[in-house]
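**Q** What follows is a single structure, and I will ask about it in a moment.
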Amino acid sequence: TNDIDMPFLGLQAIPARLLRELITKDPGFMVANMLRDTLSAWTTSGVNILPVVGTLRGYGEALMGTVSHSALEGAGVIGGYDFKGDTASVWKAFKKHQKEGRRVRLRDAPSRIWRAWDKFAAASDTSTRIAVYNKVLEKTGNEAQAILEALEIINFSRKGANPAMRYMTAIIPFLNARVQGLDVLHRGSKGEVTTWDRQARKVNFYWRASAIIALTAGVYFAHSQSDEEENPWYHNAPEYIKDNYWIIPPTWVGMSKNAPAVRIPIPFEVGVLFKVIPERIMRLIDGSSDGKETWEALRRHAGATLNFNPIPQWALPVIESSFNYSVFRSRPVVGFWEGKNEGWIGADPTFTSPLAIMLSKAVDEMGGRLSPQKVDHIFRGYVGTLGSYALMAADSVGRVAAGLPEREARRLDEWPVLGRF
């Protein structure tokens, strides 16, 4: 299998694998993933699929196990995330499957629930592939062609032969996905994702890229015509939110000013090229952003969105906390004035977990200093979105134990899953 064998590689890969699992199983990620995939595939593949509609139909087919789903599963195009890049886990999973097949035991319930939930996560990855498969099969009648095109939406099976690159993709979550996404973008721009109808699909690529730029320009122009009082949802949003989403204020769709804005996540590679860069150029031209902010944005997207960050996941949260800088948000983990306070005193109980505050207090009593905001940052850096939800669930119990005031009712944009949008 051309696997690499390095000392402690399995141990070093555990944090990346854990984070990947706890992010991809989040319902919010599944929805965002489908929105991103549908726009990326529509642009790079050149196939005449309906964005969003075709993907939603594909998601339903994946859950129901239709003929199209079975064809892709039988060809090895889909099949979950369990064995990717880890041949040793195949035998473990097979033995576990054998044991569970003999009798139903209560202690097996958590792993059964986890595997059942994995079907929902896998379906979000499969949905756009099924949409492409169906359309290509309808146009060509060639099942092999349709399977190949569904695979090449983004081919996670490609790992490369370079041992250093294989090592990096094992310890840095989503790095391989970004590399393959850039490769598909490059081939799509030349019409080389497929051997069928190349020229027409190359033309489609540029028309669709132009359509995303035009959409971005239209949305930004509408924002730029308003002030902070009229449109606080855009003007008060952090820079990384402005870059990573199309922000739709509630007043644009006839809703009350008290309602939150809707945030539509941009696709990764396609979004950086055709949304972030054009919008940043427009912001430079009209003076709403300067050269320093633009450079920060490009650096943030290179390091976070496109994942060109060589720091392994087992070290990244600790290093960010040590240097007090979040790469993804391009800002300090602990703000300037918060940092002036001693230990736990600077923590805002509205946003900081009781566990982090209690740890900070304990260290403070022993004569040390530990920032509760940094504790939370490290924790979320290792356990991802689902881990953050567990922290939120334990929050109310922890507040009573820590003697903290009861948290205010969460706004709609602070809820799990919904808050993402």
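Numbering starts fresh at 1 for the residues of each chain in the structure tokens, the chains themselves are lettered A, B, ... in the order given, and ligands are numbered from 1 as they appear.
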Mind checking DSSP for segment 85-185 of chain A and telling me the alpha helix (DSSP H) residues as a ChimeraX atom specification?
**A** /A:88-102,109-140,143-151,163-171,175-185
**Q** Near Gly181 of chain A, within 9 Å and counting only C-alpha atoms, which residues show up once chain neighbours fewer than 6 positions away are dropped, as a PyMOL selection string?
**A** chain A and resi 40+153-155+268-270
**Q** Go ahead and dump the residues you just picked, all heavy atoms, as a compact mmCIF listing (two decimals), in the first residue's frame.
**A**
```
# COMPACT_ATOMS: atom_id res chain seq x y z
N SER A 40 -18.51 24.51 -5.17
CA SER A 40 -17.20 24.11 -5.69
C SER A 40 -17.36 23.19 -6.90
O SER A 40 -16.73 23.39 -7.94
CB SER A 40 -16.38 23.39 -4.61
OG SER A 40 -15.92 24.31 -3.66
N ILE A 153 -14.69 14.81 -7.94
CA ILE A 153 -15.19 16.03 -7.29
C ILE A 153 -14.12 16.53 -6.32
O ILE A 153 -13.77 17.69 -6.27
CB ILE A 153 -16.51 15.74 -6.53
CG1 ILE A 153 -17.65 15.52 -7.51
CG2 ILE A 153 -16.86 16.86 -5.56
CD1 ILE A 153 -17.99 16.72 -8.33
N ILE A 154 -13.63 15.62 -5.50
CA ILE A 154 -12.41 15.82 -4.71
C ILE A 154 -11.99 14.43 -4.26
O ILE A 154 -12.74 13.74 -3.58
CB ILE A 154 -12.61 16.79 -3.54
CG1 ILE A 154 -11.30 17.00 -2.79
CG2 ILE A 154 -13.71 16.37 -2.61
CD1 ILE A 154 -11.28 18.19 -1.86
N ASN A 155 -10.82 14.02 -4.69
CA ASN A 155 -10.40 12.63 -4.51
C ASN A 155 -9.50 12.51 -3.28
O ASN A 155 -8.30 12.72 -3.34
CB ASN A 155 -9.66 12.15 -5.76
CG ASN A 155 -9.38 10.66 -5.72
OD1 ASN A 155 -9.55 10.02 -4.70
ND2 ASN A 155 -8.95 10.12 -6.84
N PHE A 268 -14.15 26.61 -0.01
CA PHE A 268 -12.77 26.90 0.41
C PHE A 268 -11.94 27.54 -0.70
O PHE A 268 -11.75 28.74 -0.73
CB PHE A 268 -12.10 25.62 0.91
CG PHE A 268 -12.68 25.13 2.22
CD1 PHE A 268 -13.40 23.95 2.27
CD2 PHE A 268 -12.52 25.86 3.38
CE1 PHE A 268 -13.94 23.49 3.46
CE2 PHE A 268 -13.07 25.42 4.58
CZ PHE A 268 -13.77 24.23 4.63
N GLU A 269 -11.43 26.74 -1.64
CA GLU A 269 -10.52 27.28 -2.66
C GLU A 269 -11.23 28.23 -3.62
O GLU A 269 -10.74 29.32 -3.92
CB GLU A 269 -9.87 26.13 -3.45
CG GLU A 269 -9.10 25.14 -2.60
CD GLU A 269 -9.96 24.14 -1.87
OE1 GLU A 269 -11.13 23.94 -2.27
OE2 GLU A 269 -9.48 23.54 -0.89
N VAL A 270 -12.40 27.81 -4.10
CA VAL A 270 -13.19 28.65 -5.01
C VAL A 270 -13.57 29.96 -4.33
O VAL A 270 -13.52 31.04 -4.92
CB VAL A 270 -14.45 27.87 -5.47
CG1 VAL A 270 -15.45 28.79 -6.15
CG2 VAL A 270 -14.06 26.73 -6.41
```
**Q** Select, from A:Leu151, A:Leu412, A:Val53, A:Ile113, the residue with the minimum atom-to-atom distance to Glu73 of chain A, counting only C-alpha atoms.
**A**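 Result for the nearest residue to Glu73 of chain A: A:Leu151.
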**Q** Could you give me, as a tab-separated table, every segment 246-350 of chain A residue with an atom at most 9 Å from segment 199-220 of chain A, plus its closest atom pair and distance in Å to one decimal, counting only C-alpha atoms, rows ordered by chain then number?
**A**
```
residue	atom	partner	partner_atom	distance
A:Trp246	CA	A:Val219	CA	7.6
A:Ile247	CA	A:Val219	CA	8.1
A:Ile248	CA	A:Val219	CA	8.2
A:Val270	CA	A:Ala209	CA	7.9
A:Gly271	CA	A:Ile212	CA	8.4
A:Leu273	CA	A:Ala209	CA	8.8
A:Phe274	CA	A:Ile213	CA	5.3
A:Lys275	CA	A:Thr216	CA	5.8
A:Val276	CA	A:Thr216	CA	8.5
A:Pro278	CA	A:Ile213	CA	6.7
A:Glu279	CA	A:Ala217	CA	6.7
A:Met282	CA	A:Ala217	CA	8.0
A:Arg283	CA	A:Tyr220	CA	8.8
```
**Q** Selected residues, C-alpha atoms, written as a PDB file, in the first residue's frame, please.
**A**
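Result written to part_1.pdb:
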```pdb
ATOM      1  CA  TRP A 246     -21.785  36.071   2.515  1.00  0.00           C
ATOM      2  CA  ILE A 247     -23.706  38.082   5.130  1.00  0.00           C
ATOM      3  CA  ILE A 248     -27.412  38.619   4.441  1.00  0.00           C
ATOM      4  CA  VAL A 270     -13.187  28.645  -5.014  1.00  0.00           C
ATOM      5  CA  GLY A 271     -14.311  31.077  -2.303  1.00  0.00           C
ATOM      6  CA  LEU A 273     -10.189  33.095  -5.331  1.00  0.00           C
ATOM      7  CA  PHE A 274     -13.591  34.361  -6.431  1.00  0.00           C
ATOM      8  CA  LYS A 275     -15.069  35.847  -3.241  1.00  0.00           C
ATOM      9  CA  VAL A 276     -12.359  36.903  -0.785  1.00  0.00           C
ATOM     10  CA  PRO A 278     -12.328  40.388  -5.371  1.00  0.00           C
ATOM     11  CA  GLU A 279     -14.052  41.715  -2.237  1.00  0.00           C
ATOM     12  CA  MET A 282     -13.130  46.462  -3.748  1.00  0.00           C
ATOM     13  CA  ARG A 283     -12.556  47.301  -0.092  1.00  0.00           C
TER      14      ARG A 283
END
```
**Q** Show me, as JSON, numbers by chain, the residues that have an atom within 8 Å of segment 125-135 of chain A when counting only C-alpha atoms, minus same-chain residues fewer than 5 positions from it.
**A** {"A": [30, 33, 34, 37, 38, 41, 47, 48, 49, 54, 55, 56, 57, 58, 59, 60, 61, 62, 68, 69, 72, 78, 146, 147, 149, 150, 151, 153]}
**Q** Find the residues near Arg36 of chain A: any atom within 7 Å, counting only C-alpha atoms, skip ones fewer than 5 places away on the same chain, and give them as a list in words.
**A** Pro265, Ile266 and Pro267 of chain A
**Q** May I have the residues from that selection written out with C-alpha atoms, as a tab-separated table (two decimals), in the first residue's frame?
**A**
```
chain	number	residue	atom	x	y	z
A	265	PRO	CA	-20.35	29.89	4.18
A	266	ILE	CA	-18.11	30.28	1.14
A	267	PRO	CA	-16.44	27.26	-0.51
```
**Q** Rounded to one decimal in Å, what is the spacing between atom CA of Val184 of chain A and atom CA of Thr44 of chain A?
**A** 6.8 Å
**Q** Using DSSP secondary structure from the backbone, list all strand (DSSP E) positions within segment 124-330 of chain A, as a PyMOL selection string.
**A** chain A and resi 245-248+262-265
